[in-house]
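Next comes data.pdb, with PDB, C-alpha atoms.
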ATOM      1  CA  MET U  14     195.524 136.572 108.180
ATOM      2  CA  ALA U  15     198.129 134.050 106.981
ATOM      3  CA  ALA U  16     200.174 134.680 110.117
ATOM      4  CA  LYS U  17     197.172 133.897 112.295
ATOM      5  CA  ALA U  18     196.488 130.707 110.354
ATOM      6  CA  GLY U  19     200.116 129.698 110.698
ATOM      7  CA  ALA U  20     200.071 130.353 114.432
ATOM      8  CA  ALA U  21     196.894 128.301 114.824
ATOM      9  CA  ALA U  22     198.416 125.433 112.849
ATOM     10  CA  SER U  23     201.569 125.555 114.990
ATOM     11  CA  PHE U  24     199.468 125.500 118.170
ATOM     12  CA  MET U  25     197.498 122.465 116.986
ATOM     13  CA  PHE U  26     200.715 120.705 116.018
ATOM     14  CA  MET U  27     202.161 121.398 119.463
ATOM     15  CA  LEU U  28     199.053 119.940 121.128
ATOM     16  CA  PHE U  29     199.346 116.861 118.923
ATOM     17  CA  PHE U  30     203.062 116.567 119.688
ATOM     18  CA  LEU U  31     202.569 116.856 123.424
ATOM     19  CA  ASN U  32     199.733 114.330 123.458
ATOM     20  CA  THR U  33     201.753 111.910 121.309
ATOM     21  CA  ALA U  34     204.817 112.378 123.500
ATOM     22  CA  CYS U  35     202.810 111.588 126.647
ATOM     23  CA  GLN U  36     201.343 108.472 125.080
ATOM     24  CA  ALA U  37     204.770 107.368 123.901
ATOM     25  CA  GLN U  38     205.962 107.282 127.505
ATOM     26  CA  LEU U  39     203.319 104.686 128.362
ATOM     27  CA  SER U  40     204.110 101.023 127.869
ATOM     28  CA  PRO U  41     202.669  97.710 129.094
ATOM     29  CA  ALA U  42     206.245  96.912 130.164
ATOM     30  CA  PHE U  43     206.696 100.091 132.200
ATOM     31  CA  TYR U  44     207.111  98.242 135.533
ATOM     32  CA  ASP U  45     208.913  95.160 134.221
ATOM     33  CA  SER U  46     212.190  96.247 135.831
ATOM     34  CA  SER U  47     211.071  98.551 138.643
ATOM     35  CA  CYS U  48     208.277  96.324 139.995
ATOM     36  CA  PRO U  49     207.987  93.034 138.077
ATOM     37  CA  ASN U  50     205.358  91.553 140.421
ATOM     38  CA  ALA U  51     203.079  94.588 140.432
ATOM     39  CA  LEU U  52     200.522  93.286 137.943
ATOM     40  CA  SER U  53     200.176  89.908 139.627
ATOM     41  CA  ALA U  54     199.666  91.598 143.011
ATOM     42  CA  ILE U  55     196.955  93.826 141.549
ATOM     43  CA  ARG U  56     195.290  90.899 139.778
ATOM     44  CA  THR U  57     195.146  88.864 142.996
ATOM     45  CA  ALA U  58     193.495  91.731 144.878
ATOM     46  CA  ILE U  59     190.952  92.338 142.110
ATOM     47  CA  ARG U  60     190.012  88.667 141.745
ATOM     48  CA  SER U  61     189.542  88.351 145.482
ATOM     49  CA  ALA U  62     187.254  91.383 145.589
ATOM     50  CA  ILE U  63     185.061  90.208 142.709
ATOM     51  CA  ALA U  64     184.899  86.660 144.075
ATOM     52  CA  SER U  65     183.214  88.041 147.190
ATOM     53  CA  ASP U  66     181.100  90.633 145.333
ATOM     54  CA  ARG U  67     180.400  89.901 141.673
ATOM     55  CA  ARG U  68     178.964  93.377 141.161
ATOM     56  CA  MET U  69     182.415  94.800 141.877
ATOM     57  CA  ALA U  70     183.534  93.997 138.318
ATOM     58  CA  ALA U  71     181.166  96.568 136.857
ATOM     59  CA  SER U  72     182.059  99.042 139.602
ATOM     60  CA  LEU U  73     185.789  98.892 138.836
ATOM     61  CA  ILE U  74     185.252  99.367 135.103
ATOM     62  CA  ARG U  75     182.986 102.320 135.846
ATOM     63  CA  LEU U  76     185.521 103.772 138.299
ATOM     64  CA  HIS U  77     188.165 103.865 135.570
ATOM     65  CA  PHE U  78     185.705 105.555 133.196
ATOM     66  CA  HIS U  79     184.695 108.173 135.776
ATOM     67  CA  ASP U  80     188.343 108.835 136.591
ATOM     68  CA  CYS U  81     189.403 109.354 132.978
ATOM     69  CA  PHE U  82     186.504 111.658 132.090
ATOM     70  CA  VAL U  83     187.473 114.188 134.786
ATOM     71  CA  GLN U  84     190.956 115.721 134.444
ATOM     72  CA  GLY U  85     192.121 112.582 132.639
ATOM     73  CA  CYS U  86     193.232 109.169 133.919
ATOM     74  CA  ASP U  87     195.033 110.531 136.974
ATOM     75  CA  ALA U  88     193.327 108.876 139.986
ATOM     76  CA  SER U  89     191.772 112.204 140.991
ATOM     77  CA  ILE U  90     188.553 110.310 141.708
ATOM     78  CA  LEU U  91     190.244 108.580 144.661
ATOM     79  CA  LEU U  92     191.167 111.737 146.584
ATOM     80  CA  ASP U  93     189.236 112.426 149.774
ATOM     81  CA  GLU U  94     187.860 115.835 150.733
ATOM     82  CA  THR U  95     190.310 118.254 152.396
ATOM     83  CA  THR U  96     190.455 121.973 152.993
ATOM     84  CA  SER U  97     192.129 122.350 149.587
ATOM     85  CA  ILE U  98     190.516 119.490 147.634
ATOM     86  CA  GLN U  99     186.883 119.175 146.596
ATOM     87  CA  SER U 100     186.530 115.425 146.317
ATOM     88  CA  GLU U 101     185.026 113.998 143.135
ATOM     89  CA  LYS U 102     183.541 111.243 145.281
ATOM     90  CA  THR U 103     180.719 113.621 146.193
ATOM     91  CA  ALA U 104     179.946 114.679 142.605
ATOM     92  CA  LEU U 105     176.418 113.913 141.404
ATOM     93  CA  GLY U 106     177.574 111.067 139.150
ATOM     94  CA  ASN U 107     179.588 109.414 141.930
ATOM     95  CA  LEU U 108     177.784 110.088 145.206
ATOM     96  CA  ASN U 109     176.269 106.886 146.625
ATOM     97  CA  SER U 110     176.927 105.088 143.343
ATOM     98  CA  ALA U 111     180.668 104.913 142.561
ATOM     99  CA  ARG U 112     182.240 101.915 144.267
ATOM    100  CA  GLY U 113     185.560 100.141 144.451
ATOM    101  CA  TYR U 114     187.637 102.742 146.253
ATOM    102  CA  ASN U 115     188.491 100.230 148.980
ATOM    103  CA  VAL U 116     189.460  97.618 146.391
ATOM    104  CA  ILE U 117     191.943 100.001 144.761
ATOM    105  CA  ASP U 118     193.265 100.898 148.222
ATOM    106  CA  LYS U 119     193.780  97.202 148.970
ATOM    107  CA  ALA U 120     195.610  96.629 145.703
ATOM    108  CA  LYS U 121     197.781  99.683 146.362
ATOM    109  CA  THR U 122     198.653  98.394 149.845
ATOM    110  CA  GLU U 123     199.771  95.062 148.408
ATOM    111  CA  VAL U 124     201.874  96.727 145.713
ATOM    112  CA  GLU U 125     203.453  99.119 148.227
ATOM    113  CA  LYS U 126     204.627  96.105 150.256
ATOM    114  CA  ILE U 127     206.782  94.902 147.377
ATOM    115  CA  CYS U 128     207.614  98.169 145.559
ATOM    116  CA  PRO U 129     207.042 101.250 147.725
ATOM    117  CA  GLY U 130     206.556 104.500 145.840
ATOM    118  CA  VAL U 131     206.780 102.978 142.369
ATOM    119  CA  VAL U 132     203.308 102.151 141.000
ATOM    120  CA  SER U 133     200.754 104.924 140.576
ATOM    121  CA  CYS U 134     197.157 104.735 141.719
ATOM    122  CA  ALA U 135     196.122 105.817 138.221
ATOM    123  CA  ASP U 136     197.779 102.741 136.742
ATOM    124  CA  ILE U 137     196.207 100.510 139.394
ATOM    125  CA  ILE U 138     192.731 101.760 138.426
ATOM    126  CA  ALA U 139     193.441 101.051 134.747
ATOM    127  CA  VAL U 140     194.787  97.561 135.448
ATOM    128  CA  ALA U 141     191.917  96.826 137.840
ATOM    129  CA  ALA U 142     189.365  97.620 135.117
ATOM    130  CA  ARG U 143     191.092  95.234 132.696
ATOM    131  CA  ASP U 144     191.383  92.483 135.317
ATOM    132  CA  ALA U 145     187.731  92.949 136.290
ATOM    133  CA  SER U 146     186.653  92.519 132.674
ATOM    134  CA  ALA U 147     188.746  89.396 132.214
ATOM    135  CA  TYR U 148     187.597  87.803 135.483
ATOM    136  CA  VAL U 149     183.916  87.861 134.472
ATOM    137  CA  GLY U 150     184.472  86.609 130.950
ATOM    138  CA  GLY U 151     185.166  89.882 129.201
ATOM    139  CA  PRO U 152     188.146  90.752 127.028
ATOM    140  CA  SER U 153     191.654  91.092 128.349
ATOM    141  CA  TYR U 154     193.908  93.641 126.685
ATOM    142  CA  ALA U 155     197.358  95.149 127.137
ATOM    143  CA  VAL U 156     197.156  98.096 129.530
ATOM    144  CA  LYS U 157     199.677 100.820 128.801
ATOM    145  CA  LEU U 158     201.382 101.914 132.017
ATOM    146  CA  GLY U 159     203.384 104.856 133.282
ATOM    147  CA  ARG U 160     200.650 107.276 134.382
ATOM    148  CA  ARG U 161     201.253 109.467 137.400
ATOM    149  CA  ASP U 162     198.764 110.641 140.005
ATOM    150  CA  SER U 163     197.220 114.085 140.221
ATOM    151  CA  THR U 164     197.586 116.330 143.238
ATOM    152  CA  THR U 165     194.171 117.894 142.623
ATOM    153  CA  ALA U 166     190.557 116.887 142.084
ATOM    154  CA  SER U 167     187.510 118.761 140.839
ATOM    155  CA  ARG U 168     183.954 118.127 141.916
ATOM    156  CA  THR U 169     182.908 120.992 139.628
ATOM    157  CA  LEU U 170     184.427 119.300 136.577
ATOM    158  CA  ALA U 171     182.955 115.949 137.598
ATOM    159  CA  ASN U 172     179.481 117.471 137.813
ATOM    160  CA  ALA U 173     179.945 119.075 134.398
ATOM    161  CA  GLU U 174     181.667 116.305 132.439
ATOM    162  CA  LEU U 175     180.327 112.937 133.601
ATOM    163  CA  PRO U 176     177.452 111.705 131.402
ATOM    164  CA  ALA U 177     174.008 111.553 133.015
ATOM    165  CA  PHE U 178     171.371 108.821 132.782
ATOM    166  CA  PHE U 179     168.846 111.139 131.089
ATOM    167  CA  GLU U 180     171.011 112.455 128.240
ATOM    168  CA  SER U 181     170.203 112.389 124.538
ATOM    169  CA  LEU U 182     172.274 110.541 121.959
ATOM    170  CA  GLU U 183     173.594 113.804 120.508
ATOM    171  CA  SER U 184     174.722 114.992 123.930
ATOM    172  CA  LEU U 185     176.464 111.698 124.697
ATOM    173  CA  ILE U 186     178.266 111.616 121.349
ATOM    174  CA  SER U 187     179.447 115.186 121.930
ATOM    175  CA  ARG U 188     180.769 114.356 125.406
ATOM    176  CA  PHE U 189     182.775 111.424 124.112
ATOM    177  CA  GLN U 190     184.087 113.306 121.097
ATOM    178  CA  LYS U 191     185.463 115.988 123.415
ATOM    179  CA  LYS U 192     187.529 113.240 125.054
ATOM    180  CA  GLY U 193     188.811 111.968 121.715
ATOM    181  CA  LEU U 194     186.421 109.010 121.577
ATOM    182  CA  THR U 195     184.177 108.133 118.643
ATOM    183  CA  ALA U 196     180.529 107.113 118.659
ATOM    184  CA  ARG U 197     181.683 103.511 118.121
ATOM    185  CA  ASP U 198     183.987 103.788 121.133
ATOM    186  CA  MET U 199     181.044 105.086 123.161
ATOM    187  CA  VAL U 200     178.738 102.223 122.169
ATOM    188  CA  ALA U 201     181.452  99.628 122.803
ATOM    189  CA  LEU U 202     182.227 101.058 126.257
ATOM    190  CA  SER U 203     178.503 101.139 127.060
ATOM    191  CA  GLY U 204     178.441  97.390 126.525
ATOM    192  CA  SER U 205     180.012  96.941 129.955
ATOM    193  CA  HIS U 206     176.604  97.965 131.334
ATOM    194  CA  THR U 207     175.682  94.316 130.866
ATOM    195  CA  LEU U 208     177.361  93.874 134.271
ATOM    196  CA  GLY U 209     175.906  96.955 135.957
ATOM    197  CA  GLN U 210     172.999  97.873 138.164
ATOM    198  CA  ALA U 211     171.045 101.099 138.452
ATOM    199  CA  GLN U 212     169.148 102.772 141.252
ATOM    200  CA  CYS U 213     165.379 103.172 140.966
ATOM    201  CA  PHE U 214     165.469 106.969 140.750
ATOM    202  CA  THR U 215     167.611 106.777 137.601
ATOM    203  CA  PHE U 216     165.087 104.720 135.600
ATOM    204  CA  ARG U 217     161.718 105.597 137.213
ATOM    205  CA  GLU U 218     160.840 108.137 134.505
ATOM    206  CA  ARG U 219     161.604 105.605 131.803
ATOM    207  CA  ILE U 220     159.559 102.674 133.129
ATOM    208  CA  TYR U 221     156.487 104.817 133.860
ATOM    209  CA  ASN U 222     156.447 107.490 131.157
ATOM    210  CA  HIS U 223     158.425 106.397 128.093
ATOM    211  CA  SER U 224     156.816 104.815 125.061
ATOM    212  CA  ASN U 225     159.921 103.189 123.550
ATOM    213  CA  ILE U 226     160.073 100.467 126.193
ATOM    214  CA  ASP U 227     158.907  96.866 126.149
ATOM    215  CA  ALA U 228     155.659  96.672 128.183
ATOM    216  CA  GLY U 229     156.536  93.442 129.970
ATOM    217  CA  PHE U 230     160.012  94.717 130.804
ATOM    218  CA  ALA U 231     158.588  97.945 132.236
ATOM    219  CA  SER U 232     156.022  96.027 134.284
ATOM    220  CA  THR U 233     158.719  93.815 135.785
ATOM    221  CA  ARG U 234     160.812  96.801 136.777
ATOM    222  CA  ARG U 235     157.867  98.616 138.363
ATOM    223  CA  ARG U 236     157.474  95.835 140.944
ATOM    224  CA  ARG U 237     160.537  97.020 142.835
ATOM    225  CA  CYS U 238     160.516 100.649 141.748
ATOM    226  CA  PRO U 239     157.270 102.380 142.730
ATOM    227  CA  ARG U 240     156.343 105.866 141.556
ATOM    228  CA  VAL U 241     157.332 107.209 144.982
ATOM    229  CA  GLY U 242     160.057 105.921 147.289
ATOM    230  CA  SER U 243     162.643 103.124 147.024
ATOM    231  CA  ASN U 244     164.987 105.537 145.263
ATOM    232  CA  SER U 245     168.110 103.494 145.970
ATOM    233  CA  THR U 246     166.653 100.065 145.146
ATOM    234  CA  LEU U 247     168.910  98.387 142.600
ATOM    235  CA  ALA U 248     168.002  96.613 139.385
ATOM    236  CA  PRO U 249     170.367  94.906 136.921
ATOM    237  CA  LEU U 250     170.788  96.619 133.575
ATOM    238  CA  ASP U 251     170.764  93.174 131.957
ATOM    239  CA  LEU U 252     168.026  90.818 133.160
ATOM    240  CA  VAL U 253     169.326  87.808 131.240
ATOM    241  CA  THR U 254     173.003  87.434 132.201
ATOM    242  CA  PRO U 255     173.706  90.174 134.767
ATOM    243  CA  ASN U 256     176.904  88.538 136.055
ATOM    244  CA  SER U 257     178.602  87.785 132.753
ATOM    245  CA  PHE U 258     180.361  89.996 130.257
ATOM    246  CA  ASP U 259     178.560  89.319 126.985
ATOM    247  CA  ASN U 260     176.624  91.084 124.227
ATOM    248  CA  ASN U 261     173.136  90.648 125.705
ATOM    249  CA  TYR U 262     173.094  94.355 126.526
ATOM    250  CA  PHE U 263     172.821  95.100 122.798
ATOM    251  CA  LYS U 264     170.199  92.428 122.213
ATOM    252  CA  ASN U 265     168.162  94.005 125.005
ATOM    253  CA  LEU U 266     168.380  97.455 123.402
ATOM    254  CA  MET U 267     167.041  96.063 120.131
ATOM    255  CA  GLN U 268     164.009  94.785 122.075
ATOM    256  CA  ASN U 269     163.464  98.163 123.778
ATOM    257  CA  LYS U 270     164.675  96.700 127.067
ATOM    258  CA  GLY U 271     167.263  99.342 127.885
ATOM    259  CA  LEU U 272     166.749 100.297 131.523
ATOM    260  CA  LEU U 273     168.264 103.773 131.386
ATOM    261  CA  GLN U 274     167.313 106.438 128.879
ATOM    262  CA  SER U 275     171.018 106.919 128.121
ATOM    263  CA  ASP U 276     171.182 103.236 127.153
ATOM    264  CA  GLN U 277     168.077 103.045 124.957
ATOM    265  CA  VAL U 278     169.033 106.154 122.974
ATOM    266  CA  LEU U 279     171.837 104.071 121.472
ATOM    267  CA  PHE U 280     169.117 102.140 119.587
ATOM    268  CA  ASN U 281     166.223 104.437 118.930
ATOM    269  CA  GLY U 282     166.307 105.346 115.246
ATOM    270  CA  GLY U 283     169.582 107.257 115.512
ATOM    271  CA  SER U 284     173.103 107.133 114.125
ATOM    272  CA  THR U 285     174.314 104.367 116.461
ATOM    273  CA  ASP U 286     171.557 101.847 115.670
ATOM    274  CA  SER U 287     173.786 100.040 113.176
ATOM    275  CA  ILE U 288     176.596  99.655 115.730
ATOM    276  CA  VAL U 289     174.224  98.191 118.333
ATOM    277  CA  SER U 290     172.826  95.817 115.711
ATOM    278  CA  GLU U 291     176.333  94.759 114.688
ATOM    279  CA  TYR U 292     177.411  94.038 118.266
ATOM    280  CA  SER U 293     174.218  92.067 118.929
ATOM    281  CA  ARG U 294     175.125  89.747 116.047
ATOM    282  CA  ASN U 295     178.899  89.728 116.410
ATOM    283  CA  PRO U 296     180.130  89.329 120.009
ATOM    284  CA  ALA U 297     183.733  88.956 118.830
ATOM    285  CA  ARG U 298     183.648  92.393 117.204
ATOM    286  CA  PHE U 299     182.164  93.873 120.361
ATOM    287  CA  ARG U 300     184.897  92.352 122.532
ATOM    288  CA  SER U 301     187.610  93.570 120.204
ATOM    289  CA  ASP U 302     186.175  97.089 120.019
ATOM    290  CA  PHE U 303     185.651  97.222 123.789
ATOM    291  CA  GLY U 304     189.300  96.403 124.455
ATOM    292  CA  SER U 305     190.457  98.983 121.909
ATOM    293  CA  ALA U 306     188.147 101.645 123.352
ATOM    294  CA  MET U 307     189.374 100.971 126.903
ATOM    295  CA  ILE U 308     192.979 101.384 125.767
ATOM    296  CA  LYS U 309     192.062 104.584 123.953
ATOM    297  CA  MET U 310     190.167 105.935 126.968
ATOM    298  CA  GLY U 311     193.197 105.187 129.131
ATOM    299  CA  ASP U 312     195.179 107.772 127.148
ATOM    300  CA  ILE U 313     192.959 110.706 128.148
ATOM    301  CA  GLY U 314     194.677 113.605 129.932
ATOM    302  CA  LEU U 315     197.806 111.785 131.029
ATOM    303  CA  LEU U 316     200.312 112.878 133.630
ATOM    304  CA  THR U 317     203.715 111.359 132.866
ATOM    305  CA  GLY U 318     207.402 111.983 133.465
ATOM    306  CA  SER U 319     207.822 114.417 136.357
ATOM    307  CA  ALA U 320     204.211 115.671 136.314
ATOM    308  CA  GLY U 321     202.029 114.848 139.305
ATOM    309  CA  GLN U 322     203.335 112.307 141.793
ATOM    310  CA  ILE U 323     203.182 108.660 142.854
ATOM    311  CA  ARG U 324     200.841 108.744 145.832
ATOM    312  CA  ARG U 325     201.747 106.559 148.774
ATOM    313  CA  ILE U 326     198.063 106.373 149.740
ATOM    314  CA  CYS U 327     195.553 106.655 146.920
ATOM    315  CA  SER U 328     193.065 108.772 148.860
ATOM    316  CA  ALA U 329     195.529 111.513 149.813
ATOM    317  CA  VAL U 330     198.216 113.655 148.220
ATOM    318  CA  ASN U 331     201.738 113.093 149.522
ATOM    319  CA  ASN U 332     202.926 115.709 151.992
TER     320      ASN U 332
END

Re-express the file's structure as structure tokens.
Amino acid sequence: MAAKAGAAASFMFMLFFLNTACQAQLSPAFYDSSCPNALSAIRTAIRSAIASDRRMAASLIRLHFHDCFVQGCDASILLDETTSIQSEKTALGNLNSARGYNVIDKAKTEVEKICPGVVSCADIIAVAARDASAYVGGPSYAVKLGRRDSTTASRTLANAELPAFFESLESLISRFQKKGLTARDMVALSGSHTLGQAQCFTFRERIYNHSNIDAGFASTRRRRCPRVGSNSTLAPLDLVTPNSFDNNYFKNLMQNKGLLQSDQVLFNGGSTDSIVSEYSRNPARFRSDFGSAMIKMGDIGLLTGSAGQIRRICSAVNN
């Protein structure tokens, strides 16, 4: 019995050691010598994209989240379908909703012009999310760099591991905990929804059949989301300041004006009510926690060293 316990302890220590070792290889200065202009090239591409499409800020933050939650932060979400790869782009949580692939491709093209074969697509996604946040008034934070790109993708894992719009608070907390993220991390990351939009089919049930929703808010949303049809019609998750990164998302939840079920469950008599209330009163704490949670999320399932590869084109594995 003692031998088994010792073996289990050794295994857990090894997992901790490997995870710590991978994280230790990441550094905000990773490209300072090998490609000193990489971050400025990425930033220029991201700013240009958001200047022409403000909604792209939310899309790039979401793209990073959806990448990290499936196989880790390895740019697997960017791979196109092939005979050997089941693209995550066609997973239920990404199909006709995930955006920004072309923006990452553009940034990669610009970086390849100055430093071919040096900067990973996984790092570009992470930097793009940070730059998107900063461009629309959100927090900027130091992105750790040195990730490598996967040579595989998994639509099956994407379908199983990406959170859904109808999930309960307990289910969401469990999903995030499995990725090493706390309930506070989850609520902070959800705050980026202040920039997002949702399709009618994702909130129809809520605006017609839920009781924990402000009546006037529900009525407004029903005007463009009938009981039947208009499934892809978009509505902002934040009616007040949909183009700015702020804490109105949390204020809305406290007024029962969360558009998605998975948003309103964060303030519905459960364990995260106090966090939502805190962020609604203290925008500085929200910004600080959001930046910390993004950094923490960026450490999920890393490929470093000689693992994976540095893709020349983000949508395809190198030959």

Item checked: Which residue of U:Thr169, U:Ser46, U:Thr103, U:Ser203 approaches U:Met307 most closely, using only C-alpha atoms ->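 Closest candidate: U:Ser203.
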
Check: Evaluating the PyMOL selection byres ((chain U and resi 134-151) around 8) on the displayed file yields which residues, as a PyMOL selection string?
Finding: chain U and resi 52+55-56+59-60+63+69-71+73-77+86-88+117+120-121+132-133+152-154+156+158-162+256-259+300+311+323-324+327

Check: Given the choices U:Thr215, U:Thr95, U:Gln210, U:Thr233, which gets closest to U:Ser167 if the distance is worked out from all atoms listed in the file?
Finding: U:Thr95

Next item on the list: For U:Glu180, please output as a PyMOL selection string all residues within 9 Å (counting all atoms listed in the file; exclusion window: fewer than 4 positions along the same chain).
Entry: chain U and resi 176+184-185+274-275+278

Okay, now the selection with C-alpha atoms, as a CSV table (one decimal), keeping the file's coordinate frame?
chain,number,residue,atom,x,y,z
U,176,PRO,CA,177.5,111.7,131.4
U,184,SER,CA,174.7,115.0,123.9
U,185,LEU,CA,176.5,111.7,124.7
U,274,GLN,CA,167.3,106.4,128.9
U,275,SER,CA,171.0,106.9,128.1
U,278,VAL,CA,169.0,106.2,123.0

Name the residues that the PyMOL selection byres ((chain U and resi 279) around 10) picks from the file above, as a PDB file with C-alpha atoms, keeping the file's coordinate frame, using the file's chain letters and numbers.
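Result file follows (selection_27.pdb):
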ATOM      1  CA  SER U 181     170.203 112.389 124.538  1.00  0.00           C
ATOM      2  CA  LEU U 182     172.274 110.541 121.959  1.00  0.00           C
ATOM      3  CA  GLU U 183     173.594 113.804 120.508  1.00  0.00           C
ATOM      4  CA  LEU U 185     176.464 111.698 124.697  1.00  0.00           C
ATOM      5  CA  ILE U 186     178.266 111.616 121.349  1.00  0.00           C
ATOM      6  CA  ALA U 196     180.529 107.113 118.659  1.00  0.00           C
ATOM      7  CA  MET U 199     181.044 105.086 123.161  1.00  0.00           C
ATOM      8  CA  VAL U 200     178.738 102.223 122.169  1.00  0.00           C
ATOM      9  CA  SER U 203     178.503 101.139 127.060  1.00  0.00           C
ATOM     10  CA  PHE U 263     172.821  95.100 122.798  1.00  0.00           C
ATOM     11  CA  LEU U 266     168.380  97.455 123.402  1.00  0.00           C
ATOM     12  CA  MET U 267     167.041  96.063 120.131  1.00  0.00           C
ATOM     13  CA  GLY U 271     167.263  99.342 127.885  1.00  0.00           C
ATOM     14  CA  GLN U 274     167.313 106.438 128.879  1.00  0.00           C
ATOM     15  CA  SER U 275     171.018 106.919 128.121  1.00  0.00           C
ATOM     16  CA  ASP U 276     171.182 103.236 127.153  1.00  0.00           C
ATOM     17  CA  GLN U 277     168.077 103.045 124.957  1.00  0.00           C
ATOM     18  CA  VAL U 278     169.033 106.154 122.974  1.00  0.00           C
ATOM     19  CA  PHE U 280     169.117 102.140 119.587  1.00  0.00           C
ATOM     20  CA  ASN U 281     166.223 104.437 118.930  1.00  0.00           C
ATOM     21  CA  GLY U 282     166.307 105.346 115.246  1.00  0.00           C
ATOM     22  CA  GLY U 283     169.582 107.257 115.512  1.00  0.00           C
ATOM     23  CA  SER U 284     173.103 107.133 114.125  1.00  0.00           C
ATOM     24  CA  THR U 285     174.314 104.367 116.461  1.00  0.00           C
ATOM     25  CA  ASP U 286     171.557 101.847 115.670  1.00  0.00           C
ATOM     26  CA  SER U 287     173.786 100.040 113.176  1.00  0.00           C
ATOM     27  CA  ILE U 288     176.596  99.655 115.730  1.00  0.00           C
ATOM     28  CA  VAL U 289     174.224  98.191 118.333  1.00  0.00           C
TER      29      VAL U 289
END

Note to self: Residues proximal to (190.1, 111.7, 120.0) were defined as those with any atom within 10 Å of that point in the file's coordinates, counting only C-alpha atoms. Which are they, as a PyMOL selection string?
What the structure shows: chain U and resi 189-195+309-310+312-313

Go ahead and save the picked residues with C-alpha atoms, as an mmCIF file, keeping the file's coordinate frame.
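Output file again.cif is given in full below:
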data_model
loop_
_atom_site.group_PDB
_atom_site.id
_atom_site.type_symbol
_atom_site.label_atom_id
_atom_site.label_comp_id
_atom_site.auth_asym_id
_atom_site.auth_seq_id
_atom_site.Cartn_x
_atom_site.Cartn_y
_atom_site.Cartn_z
ATOM 1 C CA PHE U 189 182.775 111.424 124.112
ATOM 2 C CA GLN U 190 184.087 113.306 121.097
ATOM 3 C CA LYS U 191 185.463 115.988 123.415
ATOM 4 C CA LYS U 192 187.529 113.240 125.054
ATOM 5 C CA GLY U 193 188.811 111.968 121.715
ATOM 6 C CA LEU U 194 186.421 109.010 121.577
ATOM 7 C CA THR U 195 184.177 108.133 118.643
ATOM 8 C CA LYS U 309 192.062 104.584 123.953
ATOM 9 C CA MET U 310 190.167 105.935 126.968
ATOM 10 C CA ASP U 312 195.179 107.772 127.148
ATOM 11 C CA ILE U 313 192.959 110.706 128.148
#

Next item on the list: Between atom CA of U:Leu316 and atom CA of U:Pro129, measure the distance and give it in Å to one decimal.
Entry: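 Those two atoms sit 19.5 Å apart.
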
Save stretch 77-90 of chain U from what I just supplied, as a PDB file, in the first residue's frame, atoms limited to N, CA and C atoms.
ATOM      1  N   HIS U  77      -8.045  32.745 -28.890  1.00  0.00           N
ATOM      2  CA  HIS U  77      -6.989  32.283 -27.983  1.00  0.00           C
ATOM      3  C   HIS U  77      -7.571  31.324 -26.941  1.00  0.00           C
ATOM      4  N   PHE U  78      -8.717  31.686 -26.388  1.00  0.00           N
ATOM      5  CA  PHE U  78      -9.391  30.839 -25.397  1.00  0.00           C
ATOM      6  C   PHE U  78      -9.751  29.481 -25.998  1.00  0.00           C
ATOM      7  N   HIS U  79     -10.331  29.468 -27.183  1.00  0.00           N
ATOM      8  CA  HIS U  79     -10.743  28.220 -27.813  1.00  0.00           C
ATOM      9  C   HIS U  79      -9.540  27.387 -28.253  1.00  0.00           C
ATOM     10  N   ASP U  80      -8.422  28.034 -28.524  1.00  0.00           N
ATOM     11  CA  ASP U  80      -7.210  27.284 -28.839  1.00  0.00           C
ATOM     12  C   ASP U  80      -6.683  26.591 -27.591  1.00  0.00           C
ATOM     13  N   CYS U  81      -6.558  27.342 -26.503  1.00  0.00           N
ATOM     14  CA  CYS U  81      -5.947  26.804 -25.287  1.00  0.00           C
ATOM     15  C   CYS U  81      -6.767  25.692 -24.646  1.00  0.00           C
ATOM     16  N   PHE U  82      -8.082  25.730 -24.792  1.00  0.00           N
ATOM     17  CA  PHE U  82      -8.927  24.733 -24.132  1.00  0.00           C
ATOM     18  C   PHE U  82      -8.947  23.386 -24.863  1.00  0.00           C
ATOM     19  N   VAL U  83      -8.354  23.313 -26.039  1.00  0.00           N
ATOM     20  CA  VAL U  83      -8.312  22.061 -26.795  1.00  0.00           C
ATOM     21  C   VAL U  83      -6.855  21.722 -27.115  1.00  0.00           C
ATOM     22  N   GLN U  84      -6.312  20.734 -26.457  1.00  0.00           N
ATOM     23  CA  GLN U  84      -4.923  20.304 -26.626  1.00  0.00           C
ATOM     24  C   GLN U  84      -3.917  21.281 -26.048  1.00  0.00           C
ATOM     25  N   GLY U  85      -4.352  22.392 -25.511  1.00  0.00           N
ATOM     26  CA  GLY U  85      -3.433  23.408 -25.012  1.00  0.00           C
ATOM     27  C   GLY U  85      -3.220  24.524 -26.021  1.00  0.00           C
ATOM     28  N   CYS U  86      -2.413  25.508 -25.638  1.00  0.00           N
ATOM     29  CA  CYS U  86      -2.186  26.696 -26.480  1.00  0.00           C
ATOM     30  C   CYS U  86      -1.157  26.360 -27.557  1.00  0.00           C
ATOM     31  N   ASP U  87      -1.610  25.680 -28.600  1.00  0.00           N
ATOM     32  CA  ASP U  87      -0.689  25.122 -29.596  1.00  0.00           C
ATOM     33  C   ASP U  87      -1.065  25.455 -31.039  1.00  0.00           C
ATOM     34  N   ALA U  88      -2.018  26.384 -31.211  1.00  0.00           N
ATOM     35  CA  ALA U  88      -2.479  26.798 -32.546  1.00  0.00           C
ATOM     36  C   ALA U  88      -3.153  25.674 -33.324  1.00  0.00           C
ATOM     37  N   SER U  89      -3.613  24.637 -32.631  1.00  0.00           N
ATOM     38  CA  SER U  89      -4.316  23.555 -33.332  1.00  0.00           C
ATOM     39  C   SER U  89      -5.619  24.063 -33.955  1.00  0.00           C
ATOM     40  N   ILE U  90      -6.190  25.106 -33.394  1.00  0.00           N
ATOM     41  CA  ILE U  90      -7.442  25.643 -33.904  1.00  0.00           C
ATOM     42  C   ILE U  90      -7.301  26.241 -35.305  1.00  0.00           C
TER      43      ILE U  90
END
